[in-house]
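Novice: Data file structure.txt (compact mmCIF, N, CA and C atoms) is appended below.
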# COMPACT_ATOMS: atom_id res chain seq x y z
N MET A 1 120.66 90.93 110.21
CA MET A 1 120.18 90.79 108.84
C MET A 1 118.97 89.86 108.77
N LYS A 2 119.01 88.76 109.51
CA LYS A 2 117.92 87.80 109.45
C LYS A 2 116.64 88.39 110.02
N ASN A 3 116.76 89.25 111.05
CA ASN A 3 115.57 89.89 111.59
C ASN A 3 114.93 90.82 110.57
N HIS A 4 115.74 91.43 109.73
CA HIS A 4 115.23 92.29 108.67
C HIS A 4 114.37 91.47 107.70
N ILE A 5 114.81 90.29 107.37
CA ILE A 5 114.07 89.42 106.46
C ILE A 5 112.75 88.99 107.11
N ILE A 6 112.78 88.66 108.37
CA ILE A 6 111.57 88.26 109.08
C ILE A 6 110.58 89.41 109.13
N GLU A 7 111.06 90.63 109.33
CA GLU A 7 110.17 91.80 109.31
C GLU A 7 109.54 91.99 107.94
N ARG A 8 110.31 91.74 106.89
CA ARG A 8 109.76 91.83 105.52
C ARG A 8 108.70 90.76 105.28
N VAL A 9 108.91 89.56 105.84
CA VAL A 9 107.91 88.49 105.70
C VAL A 9 106.63 88.87 106.44
N LYS A 10 106.77 89.44 107.64
CA LYS A 10 105.60 89.90 108.40
C LYS A 10 104.83 90.95 107.59
N ASP A 11 105.56 91.88 106.99
CA ASP A 11 104.93 92.91 106.18
C ASP A 11 104.22 92.30 104.98
N TYR A 12 104.82 91.31 104.38
CA TYR A 12 104.21 90.62 103.24
C TYR A 12 102.90 89.94 103.64
N ILE A 13 102.89 89.33 104.81
CA ILE A 13 101.69 88.66 105.29
C ILE A 13 100.59 89.68 105.57
N ARG A 14 100.96 90.80 106.16
CA ARG A 14 99.97 91.85 106.47
C ARG A 14 99.47 92.56 105.22
N ALA A 15 100.37 92.77 104.26
CA ALA A 15 100.02 93.53 103.06
C ALA A 15 100.66 92.86 101.84
N PRO A 16 99.95 91.93 101.19
CA PRO A 16 100.53 91.21 100.05
C PRO A 16 100.64 92.05 98.78
N PHE A 17 100.10 93.26 98.80
CA PHE A 17 100.20 94.15 97.64
C PHE A 17 100.87 95.44 98.07
N ALA A 18 101.70 95.98 97.20
CA ALA A 18 102.45 97.21 97.50
C ALA A 18 101.52 98.42 97.47
N PHE A 19 101.85 99.39 98.29
CA PHE A 19 101.11 100.65 98.27
C PHE A 19 102.11 101.76 98.06
N PRO A 20 101.92 102.66 97.16
CA PRO A 20 100.82 102.75 96.20
C PRO A 20 101.07 101.84 95.01
N GLY A 21 100.08 101.64 94.23
CA GLY A 21 100.20 100.87 93.00
C GLY A 21 99.47 99.55 93.03
N GLY A 22 99.42 98.90 94.17
CA GLY A 22 98.73 97.63 94.27
C GLY A 22 99.44 96.47 93.60
N TYR A 23 100.76 96.57 93.42
CA TYR A 23 101.51 95.50 92.77
C TYR A 23 101.67 94.31 93.71
N GLN A 24 101.55 93.12 93.17
CA GLN A 24 101.68 91.89 93.93
C GLN A 24 103.12 91.69 94.41
N LYS A 25 103.26 91.25 95.65
CA LYS A 25 104.56 90.87 96.20
C LYS A 25 104.66 89.35 96.20
N VAL A 26 105.88 88.85 96.25
CA VAL A 26 106.11 87.41 96.39
C VAL A 26 107.21 87.19 97.42
N LEU A 27 107.16 86.04 98.08
CA LEU A 27 108.19 85.63 99.02
C LEU A 27 109.06 84.60 98.33
N VAL A 28 110.34 84.89 98.23
CA VAL A 28 111.29 83.97 97.60
C VAL A 28 112.10 83.31 98.70
N MET A 29 112.12 81.99 98.67
CA MET A 29 112.82 81.22 99.69
C MET A 29 114.29 81.06 99.31
N SER A 30 115.10 80.58 100.23
CA SER A 30 116.54 80.47 99.99
C SER A 30 116.88 79.47 98.89
N ASP A 31 115.98 78.54 98.59
CA ASP A 31 116.24 77.59 97.50
C ASP A 31 115.67 78.07 96.17
N GLY A 32 115.13 79.31 96.14
CA GLY A 32 114.62 79.89 94.91
C GLY A 32 113.13 79.67 94.69
N ALA A 33 112.49 78.90 95.55
CA ALA A 33 111.05 78.67 95.43
C ALA A 33 110.28 79.93 95.80
N VAL A 34 109.06 80.03 95.28
CA VAL A 34 108.19 81.18 95.55
C VAL A 34 107.00 80.69 96.36
N LEU A 35 106.61 81.48 97.38
CA LEU A 35 105.43 81.18 98.18
C LEU A 35 104.40 82.26 98.02
N CYS A 36 103.14 81.85 97.93
CA CYS A 36 102.05 82.81 97.88
C CYS A 36 101.78 83.36 99.27
N HIS A 37 100.97 84.39 99.32
CA HIS A 37 100.63 85.06 100.57
C HIS A 37 99.99 84.10 101.57
N ALA A 38 99.03 83.29 101.14
CA ALA A 38 98.32 82.38 102.04
C ALA A 38 99.26 81.34 102.65
N CYS A 39 100.14 80.78 101.86
CA CYS A 39 101.08 79.77 102.38
C CYS A 39 102.11 80.39 103.31
N ALA A 40 102.52 81.62 103.03
CA ALA A 40 103.44 82.31 103.94
C ALA A 40 102.78 82.55 105.28
N ALA A 41 101.52 82.94 105.27
CA ALA A 41 100.79 83.18 106.52
C ALA A 41 100.58 81.87 107.28
N ASP A 42 100.20 80.81 106.59
CA ASP A 42 99.94 79.52 107.23
C ASP A 42 101.20 78.90 107.83
N ASN A 43 102.35 79.17 107.24
CA ASN A 43 103.61 78.54 107.66
C ASN A 43 104.60 79.54 108.25
N PHE A 44 104.08 80.63 108.81
CA PHE A 44 104.95 81.70 109.31
C PHE A 44 105.93 81.19 110.37
N ARG A 45 105.48 80.36 111.29
CA ARG A 45 106.39 79.87 112.35
C ARG A 45 107.54 79.05 111.77
N LEU A 46 107.25 78.21 110.80
CA LEU A 46 108.32 77.44 110.14
C LEU A 46 109.30 78.36 109.43
N ILE A 47 108.78 79.38 108.77
CA ILE A 47 109.63 80.32 108.05
C ILE A 47 110.54 81.07 108.99
N VAL A 48 109.98 81.55 110.12
CA VAL A 48 110.79 82.30 111.10
C VAL A 48 111.87 81.40 111.68
N GLU A 49 111.51 80.20 112.10
CA GLU A 49 112.48 79.28 112.69
C GLU A 49 113.60 78.94 111.72
N SER A 50 113.23 78.64 110.48
CA SER A 50 114.23 78.26 109.49
C SER A 50 115.09 79.44 109.05
N THR A 51 114.53 80.65 109.04
CA THR A 51 115.29 81.82 108.65
C THR A 51 116.29 82.21 109.73
N ARG A 52 115.90 82.10 110.97
CA ARG A 52 116.82 82.42 112.08
C ARG A 52 117.94 81.41 112.20
N ASN A 53 117.63 80.14 112.06
CA ASN A 53 118.60 79.05 112.24
C ASN A 53 118.77 78.31 110.92
N GLN A 54 119.40 78.96 109.97
CA GLN A 54 119.50 78.36 108.64
C GLN A 54 120.35 77.10 108.65
N VAL A 55 119.80 76.09 108.03
CA VAL A 55 120.45 74.79 107.87
C VAL A 55 120.53 74.54 106.38
N PRO A 56 121.64 74.01 105.88
CA PRO A 56 121.71 73.72 104.44
C PRO A 56 120.54 72.86 103.96
N LEU A 57 120.03 73.20 102.81
CA LEU A 57 118.93 72.51 102.15
C LEU A 57 117.60 72.65 102.89
N ASP A 58 117.48 73.61 103.80
CA ASP A 58 116.21 73.86 104.48
C ASP A 58 115.34 74.69 103.54
N GLN A 59 114.21 74.16 103.16
CA GLN A 59 113.36 74.81 102.17
C GLN A 59 112.46 75.88 102.75
N TRP A 60 112.42 76.07 104.06
CA TRP A 60 111.53 77.06 104.67
C TRP A 60 112.24 78.36 105.00
N ALA A 61 113.53 78.48 104.73
CA ALA A 61 114.25 79.72 105.03
C ALA A 61 113.94 80.78 103.98
N ALA A 62 113.51 81.95 104.44
CA ALA A 62 113.16 83.05 103.52
C ALA A 62 114.42 83.77 103.08
N ASP A 63 114.45 84.15 101.81
CA ASP A 63 115.58 84.90 101.27
C ASP A 63 115.22 86.37 101.12
N TYR A 64 114.10 86.68 100.46
CA TYR A 64 113.67 88.07 100.31
C TYR A 64 112.21 88.13 99.86
N VAL A 65 111.63 89.31 100.02
CA VAL A 65 110.29 89.64 99.53
C VAL A 65 110.48 90.72 98.50
N ASP A 66 109.82 90.56 97.36
CA ASP A 66 109.98 91.54 96.28
C ASP A 66 108.68 91.70 95.52
N LEU A 67 108.60 92.78 94.75
CA LEU A 67 107.47 92.98 93.87
C LEU A 67 107.60 92.03 92.69
N PHE A 68 106.48 91.51 92.24
CA PHE A 68 106.46 90.61 91.09
C PHE A 68 105.87 91.39 89.92
N LEU A 69 106.73 92.13 89.22
CA LEU A 69 106.27 93.05 88.19
C LEU A 69 106.17 92.42 86.81
N GLU A 70 107.19 91.67 86.41
CA GLU A 70 107.24 91.14 85.05
C GLU A 70 107.64 89.68 85.05
N GLY A 71 107.31 89.03 83.96
CA GLY A 71 107.73 87.65 83.78
C GLY A 71 106.55 86.71 83.65
N GLU A 72 106.89 85.48 83.42
CA GLU A 72 105.88 84.43 83.31
C GLU A 72 105.27 84.17 84.68
N PRO A 73 104.05 83.67 84.71
CA PRO A 73 103.44 83.34 86.00
C PRO A 73 104.29 82.32 86.76
N GLU A 74 104.35 82.49 88.06
CA GLU A 74 105.06 81.56 88.94
C GLU A 74 104.04 80.66 89.61
N GLN A 75 104.51 79.58 90.18
CA GLN A 75 103.63 78.67 90.90
C GLN A 75 104.11 78.57 92.33
N CYS A 76 103.19 78.71 93.28
CA CYS A 76 103.53 78.56 94.69
C CYS A 76 104.03 77.13 94.90
N GLU A 77 105.16 76.99 95.53
CA GLU A 77 105.75 75.67 95.72
C GLU A 77 105.04 74.85 96.79
N HIS A 78 104.16 75.49 97.55
CA HIS A 78 103.47 74.76 98.61
C HIS A 78 102.07 74.33 98.19
N CYS A 79 101.27 75.25 97.64
CA CYS A 79 99.87 74.92 97.28
C CYS A 79 99.66 74.85 95.77
N TYR A 80 100.68 75.19 94.98
CA TYR A 80 100.64 75.15 93.52
C TYR A 80 99.69 76.17 92.90
N ALA A 81 99.34 77.22 93.65
CA ALA A 81 98.52 78.29 93.10
C ALA A 81 99.35 79.09 92.10
N THR A 82 98.72 79.58 91.06
CA THR A 82 99.40 80.39 90.07
C THR A 82 99.46 81.84 90.54
N ILE A 83 100.66 82.42 90.46
CA ILE A 83 100.87 83.81 90.86
C ILE A 83 101.24 84.58 89.60
N HIS A 84 100.45 85.58 89.25
CA HIS A 84 100.67 86.35 88.03
C HIS A 84 101.42 87.63 88.34
N ALA A 85 102.30 88.01 87.42
CA ALA A 85 103.04 89.27 87.54
C ALA A 85 102.10 90.44 87.26
N ALA A 86 102.50 91.61 87.71
CA ALA A 86 101.69 92.80 87.48
C ALA A 86 101.52 93.07 85.99
N TYR A 87 102.58 92.86 85.22
CA TYR A 87 102.53 93.10 83.78
C TYR A 87 102.65 91.78 83.03
N CYS A 88 101.86 90.82 83.44
CA CYS A 88 101.86 89.49 82.84
C CYS A 88 101.19 89.54 81.47
N GLU A 89 101.72 88.80 80.53
CA GLU A 89 101.15 88.76 79.19
C GLU A 89 100.74 87.35 78.80
N CYS A 90 100.40 86.54 79.78
CA CYS A 90 99.99 85.16 79.46
C CYS A 90 98.55 85.15 78.96
N GLN A 91 98.11 84.03 78.46
CA GLN A 91 96.77 83.90 77.89
C GLN A 91 95.68 84.20 78.93
N GLU A 92 95.91 83.84 80.18
CA GLU A 92 94.91 84.08 81.22
C GLU A 92 94.74 85.57 81.51
N CYS A 93 95.81 86.33 81.38
CA CYS A 93 95.78 87.75 81.73
C CYS A 93 95.41 88.65 80.56
N GLU A 94 95.80 88.27 79.36
CA GLU A 94 95.54 89.08 78.18
C GLU A 94 94.35 88.53 77.42
N PRO A 95 93.33 89.33 77.16
CA PRO A 95 92.23 88.83 76.34
C PRO A 95 92.72 88.58 74.92
N GLY A 96 92.31 87.45 74.40
CA GLY A 96 92.74 87.09 73.05
C GLY A 96 91.60 87.19 72.08
N ASP A 97 91.67 86.40 71.01
CA ASP A 97 90.63 86.41 69.99
C ASP A 97 89.61 85.31 70.23
N GLU A 98 89.40 84.97 71.48
CA GLU A 98 88.44 83.93 71.79
C GLU A 98 87.04 84.53 71.83
N PRO A 99 86.04 83.75 71.50
CA PRO A 99 84.67 84.26 71.58
C PRO A 99 84.34 84.68 73.00
N GLY A 100 83.65 85.79 73.11
CA GLY A 100 83.28 86.30 74.43
C GLY A 100 84.23 87.34 74.97
N ASP A 101 85.34 87.59 74.26
CA ASP A 101 86.31 88.59 74.70
C ASP A 101 85.94 89.99 74.26
N GLU A 102 85.00 90.09 73.31
CA GLU A 102 84.62 91.40 72.81
C GLU A 102 83.75 92.11 73.86
N PRO A 103 83.89 93.41 73.97
CA PRO A 103 83.02 94.14 74.90
C PRO A 103 81.58 94.08 74.42
N GLU A 104 80.67 94.02 75.38
CA GLU A 104 79.26 93.97 75.01
C GLU A 104 78.78 95.32 74.56
N GLU A 105 77.91 95.30 73.53
CA GLU A 105 77.34 96.55 73.05
C GLU A 105 76.14 96.91 73.91
N VAL A 106 76.03 98.17 74.18
CA VAL A 106 74.91 98.65 74.96
C VAL A 106 73.96 99.37 74.04
N ASN A 107 72.73 98.89 73.93
CA ASN A 107 71.73 99.52 73.09
C ASN A 107 71.00 100.60 73.88
N GLN A 108 70.94 101.78 73.30
CA GLN A 108 70.24 102.87 73.99
C GLN A 108 69.19 103.46 73.12
Give the structure from this file in structure tokens form.
Specialist:
Amino acid sequence: MKNHIIERVKDYIRAPFAFPGGYQKVLVMSDGAVLCHACAADNFRLIVESTRNQVPLDQWAADYVDLFLEGEPEQCEHCYATIHAAYCECQECEPGDEPGDEPEEVNQ
């Protein structure tokens, strides 16, 4: 079972977006934390070691990789980068009534 998880982490590092569709994937650790693609790649050896030899309260053990389709933006627990869901409705993802959000008119 643990080798299956490691294979999923390898796949996540190679392809952080699902095909087809291009939906963002996330790596969820055993303590519930989320890691971005870059941090998973940078810390792959720690993740593999901790996943194979799980120790209680080890924060580097991977639990699963899944599509991040809906919900509020998550924050990578390692680098604090914001990870947005595919169907995110936060202010950063949805254009609001702020100036500059209107499409530009093209004069012909």
Novice: As a PyMOL selection string, list the residues of stretch 14-91 of chain A assigned to strand (DSSP E or B) by DSSP on the backbone atoms of this structure.
Specialist: chain A and resi 17+24-29+34-35+62-67+74-75+82-83
Novice: Have a look at atom CA of A:Asp58 and atom CA of A:Met29 and let me know their distance in Å, one decimal.
Specialist: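 If I compute the distance from atom CA of A:Asp58 to atom CA of A:Met29, I get 9.4 Å.
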Novice: Tell me which protein, DNA and RNA residues are within 10 Å of A:Ala86, counting only C-alpha atoms, leaving out same-chain ones fewer than 3 positions away, and put them as a list in words.
Specialist: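 Selected residues are Gly21, Gly22, Tyr23, Gln24, Lys25, Leu67, Phe68, Leu69, Glu70, Gly71, Pro73, Ile83, Glu89 and Cys93 of chain A.
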Novice: What is the distance between atom C of A:Ile6 and atom CA of A:Arg52, in Å to one decimal?
Specialist: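 Separating atom C of A:Ile6 from atom CA of A:Arg52 is a distance of 9.8 Å.
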Novice: To one decimal place, how far is atom CA of A:Ile47 from atom CA of A:Ala85 in Å?
Specialist: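 Atom-to-atom, atom CA of A:Ile47 and atom CA of A:Ala85 are spaced 23.3 Å apart.
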Novice: From chain A, collect each residue whose DSSP state is helix (DSSP H, G or I) and return the set as a list in words.
Specialist: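 Across chain A, those assigned helix (DSSP H, G or I) are Lys2, Asn3, His4, Ile5, Ile6, Glu7, Arg8, Val9, Lys10, Asp11, Tyr12, Ile13, Arg14, His37, Ala38, Cys39, Ala40, Ala41, Asp42, Phe44, Arg45, Leu46, Ile47, Val48, Glu49, Ser50, Thr51 and Arg52 of chain A.
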Novice: Within 7 Å of A:Cys39, counting only N, CA and C atoms, which residues qualify if same-chain residues fewer than 5 places away don't, as a list in words?
Specialist: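 The contact residues come out as Phe44, His78 and Cys79 of chain A.
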Novice: For A:Gly32, which of A:Arg45, A:Asn3, A:Gln59, A:Tyr87 is the closest residue, counting all atoms listed in the file?
Specialist: A:Gln59
Novice: Which polymer residues have any atom within 8 Å of an atom of A:Thr82, counting all atoms listed in the file, with same-chain residues fewer than 5 positions away left out, as a CSV table (one decimal) with N, CA and C atoms, keeping the file's coordinate frame?
Specialist:
chain,number,residue,atom,x,y,z
A,36,CYS,N,103.1,81.8,97.9
A,36,CYS,CA,102.0,82.8,97.9
A,36,CYS,C,101.8,83.4,99.3
A,73,PRO,N,104.0,83.7,84.7
A,73,PRO,CA,103.4,83.3,86.0
A,73,PRO,C,104.3,82.3,86.8
A,74,GLU,N,104.4,82.5,88.1
A,74,GLU,CA,105.1,81.6,88.9
A,74,GLU,C,104.0,80.7,89.6
A,75,GLN,N,104.5,79.6,90.2
A,75,GLN,CA,103.6,78.7,90.9
A,75,GLN,C,104.1,78.6,92.3
A,76,CYS,N,103.2,78.7,93.3
A,76,CYS,CA,103.5,78.6,94.7
A,76,CYS,C,104.0,77.1,94.9
Novice: Tell me, as a list in words, which residues lie within 12 Å of stretch 54-56 of chain A, counting only C-alpha atoms; anything in the same chain fewer than 6 positions away does not count.
Specialist: Lys2, Met29, Ser30, Asp31, Leu46, Ile47, Val48, Ala62 and Asp63 of chain A
Novice: Need the axis-aligned box for stretch 59-74 of chain A with 8 Å each side, so what are the centre and edges in Å to one decimal, as AutoDock Vina command-line options?
Specialist:
--center_x 109.5 --center_y 83.6 --center_z 94.2 --size_x 28.1 --size_y 34.9 --size_z 37.7
Novice: Go through A:Ile5, A:Ala18, A:Cys90, A:Ala61 one by one, measure the shortest atom-to-atom distance of each to A:Leu35 using only C-alpha atoms, and give the residue with the smallest value.
Specialist: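 Between A:Ile5, A:Ala18, A:Cys90, A:Ala61, the residue approaching A:Leu35 most closely is A:Ala61.
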Novice: Which residue is closest to A:Thr51? Choose from A:Val26, A:Ala38, A:Cys88, A:Val9 and count only C-alpha atoms.
Specialist: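 Selected residue with least distance to A:Thr51: A:Val9.
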Novice: Determine the nearest neighbour of A:His37 from the options A:Lys10, A:Gln91, A:Pro16, A:Glu77, counting all atoms listed in the file.
Specialist: A:Pro16
